[in-house]
file work08.cif (mmCIF, C-alpha atoms)
data_final
#
loop_
_atom_site.label_atom_id
_atom_site.label_comp_id
_atom_site.auth_asym_id
_atom_site.auth_seq_id
_atom_site.Cartn_x
_atom_site.Cartn_y
_atom_site.Cartn_z
CA MET A 1 -43.77 33.77 -17.75
CA ARG A 2 -44.35 36.10 -20.72
CA THR A 3 -40.59 36.69 -20.98
CA PHE A 4 -40.02 32.96 -21.10
CA VAL A 5 -42.60 32.55 -23.88
CA HIS A 6 -40.94 35.32 -25.91
CA TRP A 7 -37.56 33.72 -25.38
CA PHE A 8 -38.90 30.32 -26.41
CA ILE A 9 -40.42 31.75 -29.61
CA CYS A 10 -37.12 33.41 -30.48
CA VAL A 11 -35.23 30.14 -30.04
CA ILE A 12 -37.70 28.27 -32.27
CA ALA A 13 -37.48 31.03 -34.90
CA CYS A 14 -33.68 30.87 -34.89
CA LEU A 15 -33.65 27.08 -35.19
CA ASN A 16 -36.13 27.30 -38.03
CA GLY A 17 -33.93 29.80 -39.82
CA THR A 18 -30.60 28.09 -39.34
CA LEU A 19 -31.33 24.36 -39.34
CA LEU A 20 -34.41 23.69 -41.39
CA HIS A 21 -33.41 26.01 -44.23
CA ALA A 22 -29.68 25.35 -44.13
CA VAL A 23 -29.58 23.38 -47.39
CA GLU A 24 -30.74 24.99 -50.61
CA LEU A 25 -31.13 23.55 -54.08
CA ILE A 26 -29.08 25.15 -56.88
CA GLY A 27 -31.08 25.06 -60.11
CA GLN A 28 -33.49 22.23 -60.80
CA PRO A 29 -32.88 18.47 -60.81
CA GLN A 30 -31.76 17.16 -64.22
CA THR A 31 -32.92 13.79 -65.53
CA ALA A 32 -31.64 11.50 -68.28
CA THR A 33 -33.52 8.34 -69.12
CA THR A 34 -33.23 5.17 -71.16
CA ALA A 35 -35.81 2.41 -71.43
CA ASN A 36 -34.81 0.76 -68.16
CA SER A 37 -32.85 3.33 -66.23
CA ALA A 38 -32.74 6.96 -65.21
CA THR A 39 -30.07 9.28 -63.86
CA ILE A 40 -31.18 12.17 -61.66
CA GLN A 41 -28.70 14.90 -60.77
CA TRP A 42 -29.06 17.95 -58.58
CA ARG A 43 -26.82 20.40 -56.75
CA THR A 44 -27.03 21.93 -53.29
CA ASP A 45 -25.25 24.93 -51.86
CA VAL A 46 -23.59 22.82 -49.18
CA ALA A 47 -22.75 19.13 -48.89
CA CYS A 48 -25.60 17.04 -47.51
CA GLY A 49 -26.99 13.53 -47.79
CA THR A 50 -28.33 12.26 -51.11
CA ARG A 51 -31.84 10.86 -50.97
CA LEU A 52 -34.35 10.31 -53.74
CA GLN A 53 -37.84 8.89 -53.23
CA TYR A 54 -39.76 7.79 -56.28
CA GLY A 55 -42.81 5.88 -57.40
CA LEU A 56 -45.57 5.65 -59.95
CA ASN A 57 -47.97 7.84 -57.97
CA PRO A 58 -46.90 11.38 -57.00
CA ALA A 59 -48.72 10.96 -53.70
CA VAL A 60 -47.06 7.64 -52.90
CA LEU A 61 -43.30 7.75 -53.41
CA ASP A 62 -42.75 4.28 -52.02
CA ARG A 63 -39.24 3.57 -53.30
CA LYS A 64 -36.04 5.12 -52.05
CA ALA A 65 -32.45 5.50 -53.27
CA GLU A 66 -29.63 7.06 -51.27
CA GLY A 67 -26.08 8.19 -51.96
CA ALA A 68 -23.06 9.90 -50.48
CA VAL A 69 -22.82 13.19 -48.61
CA THR A 70 -21.91 15.72 -51.30
CA SER A 71 -23.08 18.91 -52.97
CA ASP A 72 -23.22 17.28 -56.44
CA HIS A 73 -25.85 14.59 -56.13
CA THR A 74 -26.33 11.78 -58.64
CA ILE A 75 -28.71 8.86 -58.35
CA GLN A 76 -28.86 6.10 -60.93
CA LEU A 77 -32.10 4.09 -61.00
CA GLU A 78 -32.04 0.71 -62.72
CA ALA A 79 -34.62 -1.94 -63.67
CA LEU A 80 -37.32 0.59 -64.50
CA THR A 81 -40.29 -0.19 -66.72
CA PRO A 82 -40.07 1.21 -70.29
CA ALA A 83 -42.48 3.96 -71.37
CA THR A 84 -43.54 4.68 -67.80
CA THR A 85 -43.77 7.97 -65.93
CA TYR A 86 -42.13 8.02 -62.52
CA TYR A 87 -42.50 10.77 -59.92
CA PHE A 88 -39.74 11.67 -57.51
CA SER A 89 -38.64 13.98 -54.75
CA VAL A 90 -35.01 14.83 -54.00
CA GLY A 91 -33.38 16.04 -50.83
CA SER A 92 -31.54 14.83 -47.78
CA ALA A 93 -32.64 12.83 -44.77
CA ARG A 94 -33.76 16.09 -43.15
CA ALA A 95 -35.45 18.00 -45.92
CA GLN A 96 -37.23 17.54 -49.22
CA LEU A 97 -35.83 20.06 -51.72
CA ALA A 98 -37.74 19.50 -54.97
CA THR A 99 -40.13 17.21 -56.77
CA GLY A 100 -40.34 16.19 -60.41
CA SER A 101 -41.06 13.41 -62.85
CA PHE A 102 -39.52 11.62 -65.78
CA THR A 103 -40.73 9.13 -68.39
CA THR A 104 -38.62 6.20 -69.49
CA VAL A 105 -38.06 5.59 -73.18
CA GLY A 106 -40.64 3.50 -75.05
CA GLY A 107 -40.72 -0.29 -74.89
CA ALA A 108 -39.45 -0.81 -78.42
CA THR A 109 -35.98 0.28 -77.36
CA ALA A 110 -35.88 -1.68 -74.13
CA ALA A 111 -32.48 -3.13 -73.37
CA ALA A 112 -32.01 -6.82 -73.97
CA PRO A 113 -31.70 -8.96 -70.84
CA GLN A 114 -28.20 -9.63 -69.58
CA PRO A 115 -26.79 -12.74 -71.33
CA SER A 116 -25.89 -15.68 -69.16
CA LEU A 117 -22.37 -16.08 -67.83
CA LEU A 118 -21.82 -19.02 -70.21
CA ARG A 119 -22.96 -16.94 -73.19
CA ARG A 120 -20.63 -14.09 -72.20
CA VAL A 121 -17.67 -16.47 -71.85
CA LEU A 122 -18.47 -18.00 -75.24
CA ASN A 123 -18.68 -14.54 -76.76
CA VAL A 124 -15.18 -13.78 -75.53
CA ILE A 125 -13.74 -17.10 -76.74
CA THR A 126 -15.48 -17.12 -80.13
CA PRO A 127 -16.35 -13.57 -81.07
CA ASP A 128 -19.02 -13.26 -83.73
CA GLN A 129 -17.07 -12.06 -86.77
CA SER A 130 -20.22 -11.34 -88.76
CA LYS A 131 -21.49 -8.83 -86.23
CA ALA A 132 -20.90 -5.25 -87.30
CA PRO A 133 -19.09 -3.05 -84.78
CA ALA A 134 -21.43 -1.03 -82.58
CA ALA A 135 -21.97 2.47 -83.86
CA VAL A 136 -20.35 5.31 -81.94
CA PRO A 137 -22.59 8.36 -81.63
CA ALA A 138 -21.34 11.39 -83.53
CA GLN A 139 -22.33 13.88 -80.85
CA ALA A 140 -22.23 13.78 -77.06
CA PRO A 141 -25.16 14.68 -74.79
CA PRO A 142 -25.05 17.94 -72.79
CA THR A 143 -22.11 18.18 -70.40
CA TRP A 144 -24.25 17.85 -67.25
CA GLN A 145 -25.23 14.39 -68.46
CA THR A 146 -21.66 13.23 -69.06
CA TRP A 147 -19.36 14.83 -66.44
CA GLY A 148 -19.38 13.66 -62.81
CA HIS A 149 -18.55 16.68 -60.65
CA LEU A 150 -19.39 19.70 -62.76
CA ASP A 151 -17.62 22.16 -60.49
CA SER A 152 -14.34 20.34 -61.19
CA LEU A 153 -14.65 20.41 -64.99
CA GLN A 154 -12.91 23.76 -65.44
CA ASP A 155 -9.85 22.52 -63.52
CA HIS A 156 -9.64 19.28 -65.51
CA PHE A 157 -10.02 21.26 -68.74
CA ASN A 158 -7.31 23.73 -67.74
CA ARG A 159 -4.95 20.89 -66.94
CA HIS A 160 -5.70 18.30 -69.64
CA GLY A 161 -7.75 20.05 -72.32
CA GLY A 162 -4.58 20.79 -74.29
CA ASP A 163 -3.93 17.04 -74.67
CA PHE A 164 -6.93 16.92 -77.01
CA SER A 165 -6.85 20.45 -78.48
CA SER A 166 -10.17 21.07 -76.74
CA LYS A 167 -11.60 24.54 -77.29
CA SER A 168 -13.78 24.69 -74.18
CA PRO A 169 -14.70 22.66 -71.08
CA ASP A 170 -17.82 21.40 -72.89
CA ASP A 171 -15.74 20.30 -75.88
CA TYR A 172 -13.33 18.51 -73.53
CA ALA A 173 -16.19 16.76 -71.68
CA ALA A 174 -17.75 15.71 -74.98
CA LYS A 175 -14.47 14.17 -76.17
CA ALA A 176 -14.18 12.25 -72.90
CA TRP A 177 -17.69 10.84 -73.32
CA LEU A 178 -17.13 9.93 -76.97
CA PHE A 179 -13.91 8.17 -75.99
CA LEU A 180 -15.89 5.92 -73.63
CA GLN A 181 -18.40 5.11 -76.35
CA ARG A 182 -15.59 4.25 -78.75
CA ALA A 183 -13.88 2.14 -76.09
CA ARG A 184 -17.08 0.15 -75.60
CA ALA A 185 -17.63 -0.30 -79.33
CA GLU A 186 -14.02 -1.28 -80.07
CA ASN A 187 -13.38 -3.20 -76.84
CA LEU A 188 -10.41 -1.08 -75.78
CA PRO A 189 -8.60 -2.20 -72.60
CA MET A 190 -10.71 -1.49 -69.49
CA LYS A 191 -10.22 -1.99 -65.76
CA LEU A 192 -13.14 -1.96 -63.33
CA ASP A 193 -12.62 -1.11 -59.65
CA ASP A 194 -15.29 -3.02 -57.73
CA THR A 195 -14.60 -0.97 -54.59
CA ASP A 196 -16.05 2.28 -55.89
CA GLY A 197 -17.25 1.38 -59.40
CA THR A 198 -14.58 3.41 -61.19
CA LEU A 199 -13.97 2.32 -64.77
CA ARG A 200 -10.55 3.06 -66.26
CA VAL A 201 -10.11 2.95 -70.03
CA PHE A 202 -6.92 3.17 -72.08
CA ASP A 203 -6.16 3.32 -75.78
CA PRO A 204 -2.63 1.96 -76.31
CA THR A 205 -2.47 3.42 -79.82
CA THR A 206 -3.21 7.03 -78.97
CA ARG A 207 -2.18 6.67 -75.28
CA VAL A 208 -5.43 8.26 -74.10
CA PHE A 209 -6.74 7.47 -70.61
CA GLY A 210 -10.24 8.07 -69.28
CA ALA A 211 -11.83 7.32 -65.91
CA TYR A 212 -15.58 7.12 -65.29
CA ASN A 213 -17.72 6.61 -62.20
CA GLY A 214 -20.28 3.86 -61.69
CA ALA A 215 -22.94 5.83 -63.59
CA GLY A 216 -20.66 6.30 -66.61
CA LEU A 217 -19.94 9.96 -65.85
CA THR A 218 -16.40 11.19 -66.50
CA LYS A 219 -13.94 11.64 -63.64
CA THR A 220 -10.92 12.64 -65.72
CA PHE A 221 -9.54 12.36 -69.25
CA PHE A 222 -5.90 12.84 -70.21
CA LYS A 223 -2.79 11.45 -71.90
CA PRO A 224 -0.34 9.97 -69.39
CA ASP A 225 3.37 10.71 -69.80
CA ASN A 226 4.60 7.66 -67.93
CA PRO A 227 4.90 4.61 -70.25
CA THR A 228 3.87 2.16 -67.50
CA TYR A 229 0.93 4.21 -66.21
CA TRP A 230 -1.75 1.85 -67.54
CA GLN A 231 0.05 -1.30 -66.36
CA ARG A 232 0.19 0.13 -62.83
CA GLN A 233 -3.51 0.96 -62.67
CA PRO A 234 -5.35 -1.16 -60.06
CA SER A 235 -8.58 -3.13 -60.52
CA ARG A 236 -9.59 -6.12 -62.59
CA VAL A 237 -9.69 -6.30 -66.36
CA ALA A 238 -13.21 -5.70 -67.65
CA LYS A 239 -15.11 -6.08 -70.89
CA SER A 240 -17.79 -3.85 -72.28
CA ALA A 241 -20.40 -6.46 -71.30
CA ASP A 242 -19.38 -6.16 -67.63
CA LEU A 243 -20.44 -2.52 -67.43
CA HIS A 244 -23.58 -1.82 -65.45
CA PHE A 245 -24.36 1.62 -66.78
CA PRO A 246 -26.55 1.73 -69.86
CA PRO A 247 -25.33 2.44 -73.38
CA ARG A 248 -26.20 5.94 -74.61
CA MET B 1 -13.73 19.73 -34.96
CA LYS B 2 -15.18 17.19 -37.38
CA LEU B 3 -12.75 14.91 -39.21
CA THR B 4 -13.67 13.17 -42.46
CA SER B 5 -11.81 10.85 -44.79
CA ASN B 6 -12.34 13.27 -47.70
CA PHE B 7 -9.34 15.39 -46.85
CA CYS B 8 -6.30 16.19 -48.94
CA PRO B 9 -3.13 14.61 -47.51
CA VAL B 10 -1.08 17.35 -49.21
CA CYS B 11 -2.70 20.55 -47.92
CA GLY B 12 -5.36 19.39 -45.43
CA TYR B 13 -8.38 20.66 -47.42
CA ASP B 14 -11.28 18.60 -46.07
CA LYS B 15 -14.02 19.10 -48.64
CA LEU B 16 -12.89 16.72 -51.38
CA ALA B 17 -15.77 15.01 -53.20
CA GLU B 18 -14.23 11.58 -52.53
CA PRO B 19 -11.43 10.10 -50.40
CA PRO B 20 -8.14 10.45 -52.34
CA ARG B 21 -7.68 6.67 -52.36
CA ASN B 22 -10.29 3.97 -51.83
CA ARG B 23 -9.66 1.03 -49.50
CA THR B 24 -7.98 -1.02 -52.22
CA GLY B 25 -5.66 1.82 -53.19
CA GLY B 26 -7.45 3.09 -56.29
CA ALA B 27 -6.99 6.83 -56.79
CA SER B 28 -10.00 9.15 -57.00
CA LEU B 29 -8.40 11.11 -59.91
CA GLU B 30 -9.88 14.22 -58.29
CA ILE B 31 -8.00 17.53 -58.41
CA CYS B 32 -7.76 19.12 -54.96
CA ALA B 33 -9.42 22.51 -55.37
CA CYS B 34 -7.06 23.99 -52.81
CA CYS B 35 -3.52 22.88 -53.71
CA GLY B 36 -4.13 21.36 -57.16
CA PHE B 37 -2.77 17.88 -56.46
CA GLN B 38 -4.52 15.30 -58.69
CA PHE B 39 -4.67 11.93 -56.98
CA GLY B 40 -3.53 9.16 -59.29
CA ILE B 41 -1.90 11.53 -61.79
CA THR B 42 0.36 14.00 -59.97
CA ASP B 43 1.74 11.05 -58.00
CA ASP B 44 1.30 7.98 -60.25
CA ASP B 45 2.06 9.66 -63.59
CA GLN B 46 4.32 12.58 -62.70
CA GLY B 47 6.02 10.86 -59.75
CA LEU B 48 5.63 13.68 -57.22
CA SER B 49 5.22 12.77 -53.55
CA TYR B 50 2.78 14.46 -51.18
CA ASP B 51 5.67 16.00 -49.25
CA ASP B 52 7.41 17.39 -52.34
CA PHE B 53 4.20 18.85 -53.73
CA ARG B 54 3.27 20.38 -50.36
CA GLN B 55 6.68 21.99 -50.08
CA GLN B 56 6.31 23.47 -53.56
CA TRP B 57 2.77 24.71 -52.79
CA ILE B 58 4.02 26.41 -49.62
CA THR B 59 6.95 27.94 -51.49
CA ASP B 60 4.55 29.28 -54.11
CA GLY B 61 2.56 31.09 -51.43
CA MET B 62 -0.19 28.57 -50.55
CA LYS B 63 -2.61 29.93 -53.15
CA TRP B 64 -6.11 28.58 -53.84
CA THR B 65 -5.74 26.85 -57.21
CA SER B 66 -9.22 25.95 -58.44
CA ALA B 67 -10.73 28.06 -61.19
CA GLY B 68 -14.13 26.35 -60.85
CA LYS B 69 -14.60 26.28 -57.08
CA LYS B 70 -14.32 29.25 -54.79
CA ALA B 71 -12.38 29.08 -51.56
CA PRO B 72 -14.64 28.59 -48.51
CA LYS B 73 -15.48 31.74 -46.59
CA GLY B 74 -12.73 32.48 -44.12
CA TRP B 75 -10.40 29.93 -45.71
CA ASN B 76 -6.98 29.99 -44.10
CA PRO B 77 -4.20 27.76 -45.49
CA GLN B 78 -2.11 27.98 -42.32
CA THR B 79 -5.01 26.72 -40.19
CA GLN B 80 -5.62 23.98 -42.73
CA LEU B 81 -2.00 22.82 -42.60
CA GLY B 82 -2.23 22.92 -38.80
CA SER B 83 -5.20 20.57 -38.88
CA LEU B 84 -3.29 18.30 -41.26
CA ALA B 85 -0.45 18.13 -38.74
CA LEU B 86 -3.00 17.37 -36.01
CA ARG B 87 -4.40 14.50 -38.08
CA ALA B 88 -0.90 13.11 -38.55
CA THR B 89 -0.26 13.33 -34.82
CA LEU B 90 -3.57 11.66 -33.97
CA GLY B 91 -2.81 8.96 -36.52
CA ARG B 92 0.49 8.24 -34.82
CA VAL B 93 -1.12 8.22 -31.35
CA LYS B 94 -3.91 5.85 -32.35
CA GLY B 95 -1.73 3.80 -34.65
CA ARG B 96 -4.06 4.39 -37.60
CA PRO B 97 -5.52 7.40 -39.40
CA PRO B 98 -8.62 8.92 -37.73
CA ARG B 99 -11.80 8.06 -39.62
CA MET B 100 -15.14 9.85 -39.32
CA SER B 101 -14.69 10.55 -35.63
CA VAL B 102 -15.81 13.68 -33.86
CA MET B 103 -13.28 15.44 -31.71
CA ALA B 104 -14.10 17.83 -28.91
#
call {"tool": "encode", "arguments": {"input": "work08.cif", "output": "structure tokens"}}
result
Amino acid sequence: MRTFVHWFICVIACLNGTLLHAVELIGQPQTATTANSATIQWRTDVACGTRLQYGLNPAVLDRKAEGAVTSDHTIQLEALTPATTYYFSVGSARAQLATGSFTTVGGATAAAPQPSLLRRVLNVITPDQSKAPAAVPAQAPPTWQTWGHLDSLQDHFNRHGGDFSSKSPDDYAAKAWLFLQRARAENLPMKLDDTDGTLRVFDPTTRVFGAYNGAGLTKTFFKPDNPTYWQRQPSRVAKSADLHFPPR
Amino acid sequence: MKLTSNFCPVCGYDKLAEPPRNRTGGASLEICACCGFQFGITDDDQGLSYDDFRQQWITDGMKWTSAGKKAPKGWNPQTQLGSLALRATLGRVKGRPPRMSVMA
């Protein structure tokens, strides 16, 4: 009987060591907020489920958001209340890896409500000539806030950084983000893939192409060689107003 | 052996962040960390087929290409290509590519 108990304890200890602690957080979760939304990113040493629980009380995280199985986790929260502190925990379905909090930007900068479909159609048909073009920020946020899969950035930079005379991966990522802001301000041609939320943007003048995920984070940025590359891109034509991710 | 849809159809690497193409054909634009094929660019812009690129990768010595990601521990390109061939065979047997199924 004693042998069996020892054996049983060993099995439990092994399971505890291999299963419960199999996933580890790399660094700390990073947050970026606007008045009505927040993006939370974190990395794990191995691919696992993406789960974030959040709420207004750290003891009662009563809301939940989930994503794909990956090691680079990103959750975008929408429809948040301005100037409000939210508490969250990140992890997978099996384990909670970290907790934290973020505060949304103050109410004065809250985003305007989405215009009606009729208003958006009218805007396209009769653009307001008196409206000044939206300002493009002069500087991009830190790379972790703009690039989708950070562990792929070096490869994209090595391959396409020369197209833009980029000096470093961060410089390349910043140019990709600024291109998106310019595209939104100047209404450059865009195509939105409703299947996975990928936004493709093209500037016919400079022949620059950028692709961004549903949270507005860059997937790739380059200059195509093929003259019909943009015409052959799938998805439906989109306008800046169709984009769900918040302006920076 | 666990099969996922996030595998590279060129070299068989099965830890891509996304499937190479979504269900409507849109490319992921991801660079395979193993062979370096970029879905939606190597094929759609440069005009290289999976078969041609694979042949070139094999000729070049089946090297791990990513500078940002390390090769998995015990990574073996021959085994990986073998599993790619197995997927192709299973796809032919079933009449469609295997998706998220667990094999014995």
call {"tool": "closest_residue", "arguments": {"input": "work08.cif", "among": "B:Ser49, B:Ser5, B:Ser83, B:Gln78", "to": "chain A", "atoms": "all atoms listed in the file"}}
result
B:Ser5
call {"tool": "closest_atom_pairs", "arguments": {"input": "work08.cif", "of": "chain A", "to": "chain B", "cutoff": "12 Å", "atoms": "all atoms listed in the file", "output": "JSON lines"}}
result
{"residue": "A:Asp45", "atom": "CA", "partner": "B:Pro72", "partner_atom": "CA", "distance": 11.7}
{"residue": "A:Val46", "atom": "CA", "partner": "B:Lys15", "partner_atom": "CA", "distance": 10.3}
{"residue": "A:Ala47", "atom": "CA", "partner": "B:Lys15", "partner_atom": "CA", "distance": 8.7}
{"residue": "A:Cys48", "atom": "CA", "partner": "B:Ala17", "partner_atom": "CA", "distance": 11.5}
{"residue": "A:Ala68", "atom": "CA", "partner": "B:Glu18", "partner_atom": "CA", "distance": 9.2}
{"residue": "A:Val69", "atom": "CA", "partner": "B:Ala17", "partner_atom": "CA", "distance": 8.6}
{"residue": "A:Thr70", "atom": "CA", "partner": "B:Ala17", "partner_atom": "CA", "distance": 6.5}
{"residue": "A:Ser71", "atom": "CA", "partner": "B:Ala17", "partner_atom": "CA", "distance": 8.3}
{"residue": "A:Asp72", "atom": "CA", "partner": "B:Ala17", "partner_atom": "CA", "distance": 8.4}
{"residue": "A:His73", "atom": "CA", "partner": "B:Ala17", "partner_atom": "CA", "distance": 10.5}
{"residue": "A:Gly148", "atom": "CA", "partner": "B:Ala17", "partner_atom": "CA", "distance": 10.4}
{"residue": "A:His149", "atom": "CA", "partner": "B:Ala17", "partner_atom": "CA", "distance": 8.1}
{"residue": "A:Leu150", "atom": "CA", "partner": "B:Gly68", "partner_atom": "CA", "distance": 8.7}
{"residue": "A:Asp151", "atom": "CA", "partner": "B:Gly68", "partner_atom": "CA", "distance": 5.5}
{"residue": "A:Ser152", "atom": "CA", "partner": "B:Gly68", "partner_atom": "CA", "distance": 6.0}
{"residue": "A:Leu153", "atom": "CA", "partner": "B:Gly68", "partner_atom": "CA", "distance": 7.3}
{"residue": "A:Gln154", "atom": "CA", "partner": "B:Gly68", "partner_atom": "CA", "distance": 5.4}
{"residue": "A:Asp155", "atom": "CA", "partner": "B:Ala67", "partner_atom": "CA", "distance": 6.1}
{"residue": "A:His156", "atom": "CA", "partner": "B:Ile31", "partner_atom": "CA", "distance": 7.5}
{"residue": "A:Phe157", "atom": "CA", "partner": "B:Ala67", "partner_atom": "CA", "distance": 10.2}
{"residue": "A:Asn158", "atom": "CA", "partner": "B:Ala67", "partner_atom": "CA", "distance": 8.6}
{"residue": "A:Arg159", "atom": "CA", "partner": "B:Ile31", "partner_atom": "CA", "distance": 9.7}
{"residue": "A:His160", "atom": "CA", "partner": "B:Ile41", "partner_atom": "CA", "distance": 11.0}
{"residue": "A:Pro169", "atom": "CA", "partner": "B:Gly68", "partner_atom": "CA", "distance": 10.9}
{"residue": "A:Lys191", "atom": "CA", "partner": "B:Gly26", "partner_atom": "CA", "distance": 11.1}
{"residue": "A:Leu192", "atom": "CA", "partner": "B:Gly26", "partner_atom": "CA", "distance": 10.4}
{"residue": "A:Asp193", "atom": "CA", "partner": "B:Gly26", "partner_atom": "CA", "distance": 7.5}
{"residue": "A:Asp194", "atom": "CA", "partner": "B:Thr24", "partner_atom": "CA", "distance": 9.4}
{"residue": "A:Thr195", "atom": "CA", "partner": "B:Thr24", "partner_atom": "CA", "distance": 7.0}
{"residue": "A:Asp196", "atom": "CA", "partner": "B:Asn22", "partner_atom": "CA", "distance": 7.2}
{"residue": "A:Gly197", "atom": "CA", "partner": "B:Gly26", "partner_atom": "CA", "distance": 10.4}
{"residue": "A:Thr198", "atom": "CA", "partner": "B:Ser28", "partner_atom": "CA", "distance": 8.5}
{"residue": "A:Leu199", "atom": "CA", "partner": "B:Gly26", "partner_atom": "CA", "distance": 10.7}
{"residue": "A:Arg200", "atom": "CA", "partner": "B:Gly26", "partner_atom": "CA", "distance": 10.4}
{"residue": "A:Phe209", "atom": "CA", "partner": "B:Ile41", "partner_atom": "CA", "distance": 10.8}
{"residue": "A:Gly210", "atom": "CA", "partner": "B:Leu29", "partner_atom": "CA", "distance": 10.0}
{"residue": "A:Ala211", "atom": "CA", "partner": "B:Leu29", "partner_atom": "CA", "distance": 7.9}
{"residue": "A:Tyr212", "atom": "CA", "partner": "B:Leu29", "partner_atom": "CA", "distance": 9.8}
{"residue": "A:Asn213", "atom": "CA", "partner": "B:Ser28", "partner_atom": "CA", "distance": 9.6}
{"residue": "A:Thr218", "atom": "CA", "partner": "B:Leu29", "partner_atom": "CA", "distance": 10.4}
{"residue": "A:Lys219", "atom": "CA", "partner": "B:Leu29", "partner_atom": "CA", "distance": 6.7}
{"residue": "A:Thr220", "atom": "CA", "partner": "B:Leu29", "partner_atom": "CA", "distance": 6.5}
{"residue": "A:Phe221", "atom": "CA", "partner": "B:Leu29", "partner_atom": "CA", "distance": 9.5}
{"residue": "A:Phe222", "atom": "CA", "partner": "B:Ile41", "partner_atom": "CA", "distance": 9.4}
{"residue": "A:Lys223", "atom": "CA", "partner": "B:Asp45", "partner_atom": "CA", "distance": 9.8}
{"residue": "A:Pro224", "atom": "CA", "partner": "B:Asp45", "partner_atom": "CA", "distance": 6.3}
{"residue": "A:Asp225", "atom": "CA", "partner": "B:Asp45", "partner_atom": "CA", "distance": 6.4}
{"residue": "A:Asn226", "atom": "CA", "partner": "B:Asp45", "partner_atom": "CA", "distance": 5.4}
{"residue": "A:Pro227", "atom": "CA", "partner": "B:Asp45", "partner_atom": "CA", "distance": 8.8}
{"residue": "A:Thr228", "atom": "CA", "partner": "B:Asp45", "partner_atom": "CA", "distance": 8.6}
{"residue": "A:Tyr229", "atom": "CA", "partner": "B:Asp45", "partner_atom": "CA", "distance": 6.2}
{"residue": "A:Trp230", "atom": "CA", "partner": "B:Asp45", "partner_atom": "CA", "distance": 9.5}
{"residue": "A:Gln231", "atom": "CA", "partner": "B:Asp44", "partner_atom": "CA", "distance": 11.2}
{"residue": "A:Arg232", "atom": "CA", "partner": "B:Asp44", "partner_atom": "CA", "distance": 8.3}
{"residue": "A:Gln233", "atom": "CA", "partner": "B:Gly26", "partner_atom": "CA", "distance": 7.8}
{"residue": "A:Pro234", "atom": "CA", "partner": "B:Gly26", "partner_atom": "CA", "distance": 6.1}
{"residue": "A:Ser235", "atom": "CA", "partner": "B:Gly26", "partner_atom": "CA", "distance": 7.6}
{"residue": "A:Arg236", "atom": "CA", "partner": "B:Gly26", "partner_atom": "CA", "distance": 11.4}
call {"tool": "write_last_selection", "arguments": {"input": "work08.cif", "atoms": "C-alpha atoms", "output": "compact mmCIF listing (two decimals), in the coordinates of the input"}}
result
# COMPACT_ATOMS: atom_id res chain seq x y z
CA ASP A 45 -25.25 24.93 -51.86
CA VAL A 46 -23.59 22.82 -49.18
CA ALA A 47 -22.75 19.13 -48.89
CA CYS A 48 -25.60 17.04 -47.51
CA ALA A 68 -23.06 9.90 -50.48
CA VAL A 69 -22.82 13.19 -48.61
CA THR A 70 -21.91 15.72 -51.30
CA SER A 71 -23.08 18.91 -52.97
CA ASP A 72 -23.22 17.28 -56.44
CA HIS A 73 -25.85 14.59 -56.13
CA GLY A 148 -19.38 13.66 -62.81
CA HIS A 149 -18.55 16.68 -60.65
CA LEU A 150 -19.39 19.70 -62.76
CA ASP A 151 -17.62 22.16 -60.49
CA SER A 152 -14.34 20.34 -61.19
CA LEU A 153 -14.65 20.41 -64.99
CA GLN A 154 -12.91 23.76 -65.44
CA ASP A 155 -9.85 22.52 -63.52
CA HIS A 156 -9.64 19.28 -65.51
CA PHE A 157 -10.02 21.26 -68.74
CA ASN A 158 -7.31 23.73 -67.74
CA ARG A 159 -4.95 20.89 -66.94
CA HIS A 160 -5.70 18.30 -69.64
CA PRO A 169 -14.70 22.66 -71.08
CA LYS A 191 -10.22 -1.99 -65.76
CA LEU A 192 -13.14 -1.96 -63.33
CA ASP A 193 -12.62 -1.11 -59.65
CA ASP A 194 -15.29 -3.02 -57.73
CA THR A 195 -14.60 -0.97 -54.59
CA ASP A 196 -16.05 2.28 -55.89
CA GLY A 197 -17.25 1.38 -59.40
CA THR A 198 -14.58 3.41 -61.19
CA LEU A 199 -13.97 2.32 -64.77
CA ARG A 200 -10.55 3.06 -66.26
CA PHE A 209 -6.74 7.47 -70.61
CA GLY A 210 -10.24 8.07 -69.28
CA ALA A 211 -11.83 7.32 -65.91
CA TYR A 212 -15.58 7.12 -65.29
CA ASN A 213 -17.72 6.61 -62.20
CA THR A 218 -16.40 11.19 -66.50
CA LYS A 219 -13.94 11.64 -63.64
CA THR A 220 -10.92 12.64 -65.72
CA PHE A 221 -9.54 12.36 -69.25
CA PHE A 222 -5.90 12.84 -70.21
CA LYS A 223 -2.79 11.45 -71.90
CA PRO A 224 -0.34 9.97 -69.39
CA ASP A 225 3.37 10.71 -69.80
CA ASN A 226 4.60 7.66 -67.93
CA PRO A 227 4.90 4.61 -70.25
CA THR A 228 3.87 2.16 -67.50
CA TYR A 229 0.93 4.21 -66.21
CA TRP A 230 -1.75 1.85 -67.54
CA GLN A 231 0.05 -1.30 -66.36
CA ARG A 232 0.19 0.13 -62.83
CA GLN A 233 -3.51 0.96 -62.67
CA PRO A 234 -5.35 -1.16 -60.06
CA SER A 235 -8.58 -3.13 -60.52
CA ARG A 236 -9.59 -6.12 -62.59
call {"tool": "resolve_selection", "arguments": {"input": "work08.cif", "expression": "the PyMOL selection byres ((chain A and resi 78) around 10)", "output": "list of chain:residue names"}}
result
A:Thr34, A:Ala35, A:Asn36, A:Ser37, A:Ala38, A:Thr39, A:Ile75, A:Gln76, A:Leu77, A:Ala79, A:Leu80, A:Thr81, A:His244, A:Phe245, A:Pro246
call {"tool": "atom_distance", "arguments": {"input": "work08.cif", "atom1": "CA of Trp42 in chain A", "atom2": "CA of Glu24 in chain A"}}
result
10.8 Å
call {"tool": "resolve_selection", "arguments": {"input": "work08.cif", "expression": "the PyMOL selection byres ((chain B and resi 77) around 9)", "output": "list in words"}}
result
Cys11, Gly12, Tyr13, Cys34, Met62, Lys63, Trp64, Trp75, Asn76, Gln78, Thr79, Gln80, Leu81 and Gly82 of chain B
